[in-house]
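*Asks:* Below is the file input30.cif, with mmCIF, C-alpha atoms.
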```
data_input
#
loop_
_atom_site.label_atom_id
_atom_site.label_comp_id
_atom_site.auth_asym_id
_atom_site.auth_seq_id
_atom_site.Cartn_x
_atom_site.Cartn_y
_atom_site.Cartn_z
CA MET P 57 -54.56 -8.55 -40.96
CA SER P 58 -55.45 -11.90 -42.51
CA ARG P 59 -58.26 -12.27 -39.91
CA VAL P 60 -59.78 -8.78 -40.46
CA PHE P 61 -62.85 -8.02 -42.60
CA ASP P 62 -64.25 -4.79 -44.08
CA ALA P 63 -67.96 -4.88 -43.19
CA GLU P 64 -68.75 -1.34 -44.36
CA GLY P 65 -72.32 -1.14 -45.65
CA LEU P 66 -73.17 -4.80 -45.09
CA PRO P 67 -76.02 -5.98 -42.86
CA SER P 68 -74.65 -7.61 -39.70
CA ALA P 69 -76.13 -11.02 -40.56
CA TRP P 70 -74.15 -11.01 -43.83
CA TRP P 71 -70.77 -10.02 -42.45
CA LYS P 72 -71.16 -12.39 -39.50
CA GLU P 73 -71.86 -15.31 -41.86
CA ILE P 74 -68.97 -14.41 -44.18
CA MET P 75 -66.58 -14.02 -41.26
CA SER P 76 -67.66 -17.30 -39.70
CA SER P 77 -67.22 -19.27 -42.93
CA GLN P 78 -63.77 -17.73 -43.51
CA ARG P 79 -62.65 -17.95 -39.87
CA LEU P 80 -62.13 -14.20 -39.59
CA TRP P 81 -61.97 -12.50 -36.19
CA VAL P 82 -62.44 -8.73 -36.47
CA ALA P 83 -64.75 -6.60 -38.61
CA TYR P 84 -64.33 -2.87 -39.09
CA GLY P 85 -66.86 -0.47 -40.57
CA THR P 86 -69.65 -1.88 -38.43
CA THR P 87 -72.30 0.00 -36.50
CA PRO P 88 -70.92 1.73 -33.39
CA CYS P 89 -71.14 -0.11 -30.07
CA ARG P 90 -73.59 1.32 -27.55
CA ALA P 91 -71.07 1.78 -24.76
CA ALA P 92 -68.46 3.94 -26.47
CA GLY P 93 -69.11 4.10 -30.20
CA HIS P 94 -66.30 1.72 -31.18
CA ARG P 95 -66.59 0.18 -34.65
CA LEU P 96 -64.50 -2.98 -34.32
CA ARG P 97 -66.48 -6.15 -33.73
CA THR P 98 -65.91 -9.89 -33.53
CA ARG P 99 -67.77 -12.16 -35.93
CA LYS P 100 -70.29 -12.68 -33.14
CA GLY P 101 -70.89 -8.91 -32.99
CA HIS P 102 -69.08 -8.17 -29.72
CA CYS P 103 -67.13 -4.91 -29.40
CA VAL P 104 -63.43 -5.80 -29.50
CA GLN P 105 -62.39 -2.69 -27.58
CA CYS P 106 -64.96 -2.97 -24.79
CA ASN P 107 -64.61 -6.75 -24.51
CA PRO P 108 -61.14 -7.94 -25.63
CA ALA P 109 -61.82 -11.34 -24.03
CA ALA P 110 -64.28 -12.02 -26.87
CA LEU P 111 -61.39 -11.83 -29.32
CA ALA P 112 -59.29 -14.18 -27.20
CA PHE P 113 -62.17 -16.65 -27.17
CA LEU P 114 -62.46 -16.59 -30.98
CA ARG P 115 -58.73 -17.06 -31.34
CA ARG P 116 -58.81 -20.07 -29.07
CA HIS P 117 -61.85 -21.43 -30.91
CA ASP P 118 -60.14 -21.35 -34.32
CA LEU P 119 -56.54 -22.40 -33.66
CA GLU P 120 -54.84 -25.79 -33.55
CA GLY P 121 -54.46 -27.58 -30.27
CA THR P 122 -55.26 -30.67 -28.26
CA VAL P 123 -58.64 -31.41 -26.71
CA TYR P 124 -58.28 -33.55 -23.63
CA VAL P 125 -60.38 -35.52 -21.17
CA ALA P 126 -58.92 -35.50 -17.66
CA TYR P 127 -60.18 -37.46 -14.70
CA SER P 128 -59.96 -36.99 -10.94
CA ARG P 129 -60.43 -40.21 -8.95
CA LYS P 130 -60.83 -38.23 -5.74
CA LEU P 131 -63.68 -36.06 -7.06
CA ARG P 132 -64.97 -38.64 -9.55
CA LEU P 133 -65.25 -35.82 -12.07
CA VAL P 134 -64.25 -35.41 -15.69
CA LYS P 135 -62.71 -32.24 -17.09
CA VAL P 136 -62.78 -31.48 -20.81
CA GLY P 137 -60.48 -28.74 -22.03
CA CYS P 138 -57.98 -27.78 -24.68
CA ALA P 139 -54.30 -26.97 -24.53
CA GLU P 140 -51.23 -26.63 -26.70
CA CYS P 141 -49.24 -29.17 -24.65
CA ILE P 142 -51.17 -31.79 -22.68
CA ALA P 143 -48.21 -32.83 -20.51
CA GLN P 144 -47.83 -29.25 -19.32
CA ARG P 145 -51.59 -28.92 -18.90
CA GLU P 146 -51.81 -32.00 -16.69
CA ALA P 147 -48.99 -30.65 -14.56
CA SER P 148 -50.65 -27.21 -14.28
CA LEU P 149 -54.05 -28.69 -13.36
CA ASN P 150 -52.40 -30.51 -10.47
CA ALA P 151 -50.08 -27.70 -9.43
CA ASP P 152 -53.00 -25.29 -9.38
CA GLY P 153 -55.26 -27.68 -7.49
CA TYR P 154 -57.92 -27.34 -10.19
CA ALA P 155 -61.39 -27.87 -8.72
CA GLY P 156 -59.81 -28.46 -5.32
CA THR P 157 -57.74 -31.53 -6.12
CA SER P 158 -54.32 -32.48 -7.46
CA ASP P 159 -54.94 -35.95 -8.83
CA TRP P 160 -55.87 -35.04 -12.42
CA GLU P 161 -54.83 -37.49 -15.12
CA ILE P 162 -55.31 -36.75 -18.81
CA ARG P 163 -56.77 -40.02 -20.03
CA TYR P 164 -57.74 -39.22 -23.63
CA HIS P 165 -56.82 -36.52 -26.09
CA ALA P 166 -57.17 -35.58 -29.75
CA GLU P 167 -55.38 -33.07 -31.95
CA SER P 168 -57.58 -30.62 -33.82
CA ASP P 169 -57.11 -27.75 -36.24
CA ARG P 170 -59.97 -26.01 -34.38
CA ALA P 171 -59.47 -27.16 -30.80
CA GLY P 172 -61.80 -24.66 -29.15
CA LYS P 173 -64.63 -25.56 -31.49
CA LEU P 174 -64.11 -29.27 -30.80
CA GLU P 175 -64.00 -28.65 -27.04
CA ALA P 176 -67.26 -26.68 -27.21
CA LYS P 177 -68.90 -29.55 -29.12
CA VAL P 178 -67.83 -32.06 -26.44
CA HIS P 179 -69.20 -29.73 -23.75
CA ASP P 180 -72.48 -29.52 -25.64
CA ILE P 181 -72.75 -33.31 -25.92
CA LEU P 182 -72.11 -33.65 -22.17
CA ARG P 183 -74.25 -30.65 -21.11
CA GLU P 184 -76.64 -32.73 -18.97
CA TYR P 185 -73.65 -33.85 -16.85
CA ARG P 186 -72.16 -30.37 -16.36
CA TYR P 187 -70.99 -29.72 -12.83
CA GLY P 188 -69.47 -26.50 -11.50
CA VAL P 189 -67.45 -26.09 -8.35
CA GLN P 190 -65.82 -23.13 -6.67
CA TYR P 191 -62.27 -23.64 -5.43
CA PHE P 192 -59.25 -21.74 -4.16
CA ARG P 193 -56.85 -21.27 -7.07
CA LEU P 194 -53.31 -21.53 -5.78
CA GLN P 195 -51.64 -19.52 -8.57
CA THR P 196 -53.82 -16.43 -8.09
CA GLU P 197 -54.68 -17.02 -4.44
CA SER P 198 -58.34 -16.38 -5.13
CA TYR P 199 -61.61 -18.27 -5.36
CA VAL P 200 -62.69 -19.15 -8.90
CA TRP P 201 -65.28 -21.36 -10.56
CA ALA P 202 -64.33 -24.55 -12.40
CA ASN P 203 -66.90 -24.73 -15.19
CA GLU P 204 -65.48 -27.38 -17.49
CA LEU P 205 -66.37 -30.28 -15.22
CA PHE P 206 -68.78 -33.14 -15.80
CA ARG P 207 -70.19 -35.72 -13.40
CA CYS P 208 -70.22 -38.71 -15.73
CA ARG P 209 -68.30 -41.90 -16.40
CA LEU P 210 -64.95 -41.51 -18.10
CA ALA P 211 -66.17 -43.76 -20.94
CA LYS P 212 -69.07 -41.36 -21.54
CA ALA P 213 -66.65 -38.44 -21.94
CA LYS P 214 -64.44 -40.50 -24.28
CA ASP P 215 -67.50 -41.33 -26.40
CA ALA P 216 -68.46 -37.65 -26.45
CA LEU P 217 -64.98 -36.72 -27.71
CA ARG P 218 -65.23 -39.35 -30.45
CA ALA P 219 -68.70 -38.14 -31.43
CA ALA P 220 -67.54 -34.51 -31.55
CA ILE P 221 -64.59 -35.48 -33.76
CA GLU P 222 -66.93 -37.37 -36.08
CA SER P 223 -69.33 -34.41 -36.16
CA GLN P 224 -66.49 -31.99 -36.93
CA THR P 225 -65.23 -34.25 -39.72
CA THR P 226 -68.62 -34.58 -41.39
CA ASN P 227 -69.65 -30.94 -40.89
CA SER P 228 -66.42 -29.12 -41.87
CA PRO P 229 -65.67 -26.22 -41.71
#
```
Would you kindly transcribe this structure into structure tokens?
*Replies:*
Amino acid sequence: MSRVFDAEGLPSAWWKEIMSSQRLWVAYGTTPCRAAGHRLRTRKGHCVQCNPAALAFLRRHDLEGTVYVAYSRKLRLVKVGCAECIAQREASLNADGYAGTSDWEIRYHAESDRAGKLEAKVHDILREYRYGVQYFRLQTESYVWANELFRCRLAKAKDALRAAIESQTTNSP
């Protein structure tokens, strides 16, 4: 309940701004969604009931965690992600054959009170190097896209992580 906001009677721009500044996740008393008339929305305006993944994304964006930079020598690609435990994440990247390889090494990492936000900032800094690849995911036995990959030097990704940390520190919250 500490992440819920009563938006009754407020223009959407107002409640979205209030919710963003206070790191709230769900608003009630909003205008009904077009699909089914639901009145619960994320701070971005997405219907929580029609799109529960939007709520999961916000949760990940706001919570503590570790942002990491992993590197595959075989693919010569960088992966930037976030996790609660980097040792487990490195193991799962390799066990799952992420992006079609099992030689991932987490080379740099940083703790953050808003790990998803920091990760998104690093992705934005590296956007010109973004590289997607489809691969066969061993855990689900299905083809999926790896979208958190970058074709750049490892040092470039490390610098991007440092810059994102600096940006987050100077632009809090």
*Asks:* Extract, using all atoms listed in the file, all DNA, RNA and protein residues at most 10 Å from region 151-164 of chain P, discarding same-chain residues fewer than 5 positions from it, and format them as a PyMOL selection string.
*Replies:* chain P and resi 123-131+133-136+142-143+145-146+188-197+200-205+210-211+213-214+217
*Asks:* Let me see the file: selected residues, C-alpha atoms, as a PDB file, in the coordinates of the input.
*Replies:*
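Listed below is the output, part_31.pdb:
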```
ATOM      1  CA  VAL P 123     -58.640 -31.410 -26.710  1.00  0.00           C
ATOM      2  CA  TYR P 124     -58.280 -33.550 -23.630  1.00  0.00           C
ATOM      3  CA  VAL P 125     -60.380 -35.520 -21.170  1.00  0.00           C
ATOM      4  CA  ALA P 126     -58.920 -35.500 -17.660  1.00  0.00           C
ATOM      5  CA  TYR P 127     -60.180 -37.460 -14.700  1.00  0.00           C
ATOM      6  CA  SER P 128     -59.960 -36.990 -10.940  1.00  0.00           C
ATOM      7  CA  ARG P 129     -60.430 -40.210  -8.950  1.00  0.00           C
ATOM      8  CA  LYS P 130     -60.830 -38.230  -5.740  1.00  0.00           C
ATOM      9  CA  LEU P 131     -63.680 -36.060  -7.060  1.00  0.00           C
ATOM     10  CA  LEU P 133     -65.250 -35.820 -12.070  1.00  0.00           C
ATOM     11  CA  VAL P 134     -64.250 -35.410 -15.690  1.00  0.00           C
ATOM     12  CA  LYS P 135     -62.710 -32.240 -17.090  1.00  0.00           C
ATOM     13  CA  VAL P 136     -62.780 -31.480 -20.810  1.00  0.00           C
ATOM     14  CA  ILE P 142     -51.170 -31.790 -22.680  1.00  0.00           C
ATOM     15  CA  ALA P 143     -48.210 -32.830 -20.510  1.00  0.00           C
ATOM     16  CA  ARG P 145     -51.590 -28.920 -18.900  1.00  0.00           C
ATOM     17  CA  GLU P 146     -51.810 -32.000 -16.690  1.00  0.00           C
ATOM     18  CA  GLY P 188     -69.470 -26.500 -11.500  1.00  0.00           C
ATOM     19  CA  VAL P 189     -67.450 -26.090  -8.350  1.00  0.00           C
ATOM     20  CA  GLN P 190     -65.820 -23.130  -6.670  1.00  0.00           C
ATOM     21  CA  TYR P 191     -62.270 -23.640  -5.430  1.00  0.00           C
ATOM     22  CA  PHE P 192     -59.250 -21.740  -4.160  1.00  0.00           C
ATOM     23  CA  ARG P 193     -56.850 -21.270  -7.070  1.00  0.00           C
ATOM     24  CA  LEU P 194     -53.310 -21.530  -5.780  1.00  0.00           C
ATOM     25  CA  GLN P 195     -51.640 -19.520  -8.570  1.00  0.00           C
ATOM     26  CA  THR P 196     -53.820 -16.430  -8.090  1.00  0.00           C
ATOM     27  CA  GLU P 197     -54.680 -17.020  -4.440  1.00  0.00           C
ATOM     28  CA  VAL P 200     -62.690 -19.150  -8.900  1.00  0.00           C
ATOM     29  CA  TRP P 201     -65.280 -21.360 -10.560  1.00  0.00           C
ATOM     30  CA  ALA P 202     -64.330 -24.550 -12.400  1.00  0.00           C
ATOM     31  CA  ASN P 203     -66.900 -24.730 -15.190  1.00  0.00           C
ATOM     32  CA  GLU P 204     -65.480 -27.380 -17.490  1.00  0.00           C
ATOM     33  CA  LEU P 205     -66.370 -30.280 -15.220  1.00  0.00           C
ATOM     34  CA  LEU P 210     -64.950 -41.510 -18.100  1.00  0.00           C
ATOM     35  CA  ALA P 211     -66.170 -43.760 -20.940  1.00  0.00           C
ATOM     36  CA  ALA P 213     -66.650 -38.440 -21.940  1.00  0.00           C
ATOM     37  CA  LYS P 214     -64.440 -40.500 -24.280  1.00  0.00           C
ATOM     38  CA  LEU P 217     -64.980 -36.720 -27.710  1.00  0.00           C
TER      39      LEU P 217
END
```
*Asks:* May I have the residues within 12 Å of His102 (chain P) as a PyMOL selection string, using only C-alpha atoms and disregarding those fewer than 5 positions away in the same chain?
*Replies:* chain P and resi 68+72+81-84+86-91+94-97+107-114
*Asks:* Which residues would end up in the selection if the PyMOL selection byres ((chain P and resi 116) around 12) were applied here, given that I need the answer as a PDB file with C-alpha atoms, keeping the file's coordinate frame?
*Replies:*
```
ATOM      1  CA  ARG P  79     -62.650 -17.950 -39.870  1.00  0.00           C
ATOM      2  CA  TRP P  81     -61.970 -12.500 -36.190  1.00  0.00           C
ATOM      3  CA  ALA P 109     -61.820 -11.340 -24.030  1.00  0.00           C
ATOM      4  CA  ALA P 110     -64.280 -12.020 -26.870  1.00  0.00           C
ATOM      5  CA  LEU P 111     -61.390 -11.830 -29.320  1.00  0.00           C
ATOM      6  CA  ALA P 112     -59.290 -14.180 -27.200  1.00  0.00           C
ATOM      7  CA  PHE P 113     -62.170 -16.650 -27.170  1.00  0.00           C
ATOM      8  CA  LEU P 114     -62.460 -16.590 -30.980  1.00  0.00           C
ATOM      9  CA  ARG P 115     -58.730 -17.060 -31.340  1.00  0.00           C
ATOM     10  CA  HIS P 117     -61.850 -21.430 -30.910  1.00  0.00           C
ATOM     11  CA  ASP P 118     -60.140 -21.350 -34.320  1.00  0.00           C
ATOM     12  CA  LEU P 119     -56.540 -22.400 -33.660  1.00  0.00           C
ATOM     13  CA  GLU P 120     -54.840 -25.790 -33.550  1.00  0.00           C
ATOM     14  CA  GLY P 121     -54.460 -27.580 -30.270  1.00  0.00           C
ATOM     15  CA  THR P 122     -55.260 -30.670 -28.260  1.00  0.00           C
ATOM     16  CA  VAL P 123     -58.640 -31.410 -26.710  1.00  0.00           C
ATOM     17  CA  GLY P 137     -60.480 -28.740 -22.030  1.00  0.00           C
ATOM     18  CA  CYS P 138     -57.980 -27.780 -24.680  1.00  0.00           C
ATOM     19  CA  ALA P 139     -54.300 -26.970 -24.530  1.00  0.00           C
ATOM     20  CA  GLU P 140     -51.230 -26.630 -26.700  1.00  0.00           C
ATOM     21  CA  SER P 168     -57.580 -30.620 -33.820  1.00  0.00           C
ATOM     22  CA  ASP P 169     -57.110 -27.750 -36.240  1.00  0.00           C
ATOM     23  CA  ARG P 170     -59.970 -26.010 -34.380  1.00  0.00           C
ATOM     24  CA  ALA P 171     -59.470 -27.160 -30.800  1.00  0.00           C
ATOM     25  CA  GLY P 172     -61.800 -24.660 -29.150  1.00  0.00           C
ATOM     26  CA  LYS P 173     -64.630 -25.560 -31.490  1.00  0.00           C
ATOM     27  CA  LEU P 174     -64.110 -29.270 -30.800  1.00  0.00           C
ATOM     28  CA  GLU P 175     -64.000 -28.650 -27.040  1.00  0.00           C
ATOM     29  CA  ALA P 176     -67.260 -26.680 -27.210  1.00  0.00           C
TER      30      ALA P 176
END
```
*Asks:* Between P:Phe61, P:Ala219, P:Gly85, P:Tyr199, which is the closest to His179 (chain P) once you count only C-alpha atoms?
*Replies:* P:Ala219
*Asks:* I'd like the box whose edges run along x, y and z of the file and which contains every listed atom of region 100-116 of chain P, padded by 4 Å per side; could you state its centre and edge lengths in Å, one decimal, as JSON?
*Replies:*
```
{"center_x": -64.8, "center_y": -11.4, "center_z": -28.6, "size_x": 20.2, "size_y": 25.4, "size_z": 17.1}
```
*Asks:* Quick one: distance from CA of Ile74 (chain P) to CA of Arg99 (chain P) in Å, one decimal?
*Replies:*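 Between these atoms lies a distance of 8.6 Å.
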*Asks:* Closest to Met75 (chain P) among P:Gln105, P:Ser223, P:Ser198, P:Thr98, using all atoms listed in the file?
*Replies:*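 Smallest separation from Met75 (chain P) among the options: P:Thr98.
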*Asks:* Measuring between all atoms listed in the file, which one of P:Leu182, P:Ser148, P:Ala166, P:Leu80 shows the shortest distance to Arg209 (chain P)?
*Replies:* P:Leu182
*Asks:* Just the number, please: distance in Å from CA of Val178 (chain P) to CA of Thr225 (chain P), one decimal.
*Replies:*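 Rounded to one decimal, the two atoms are 13.7 Å apart.
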*Asks:* Just to confirm, what's the straight-line distance from CA of Arg207 (chain P) to CA of Glu184 (chain P) in Å (one decimal)?
*Replies:*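 Separation of CA of Arg207 (chain P) and CA of Glu184 (chain P): 9.0 Å.
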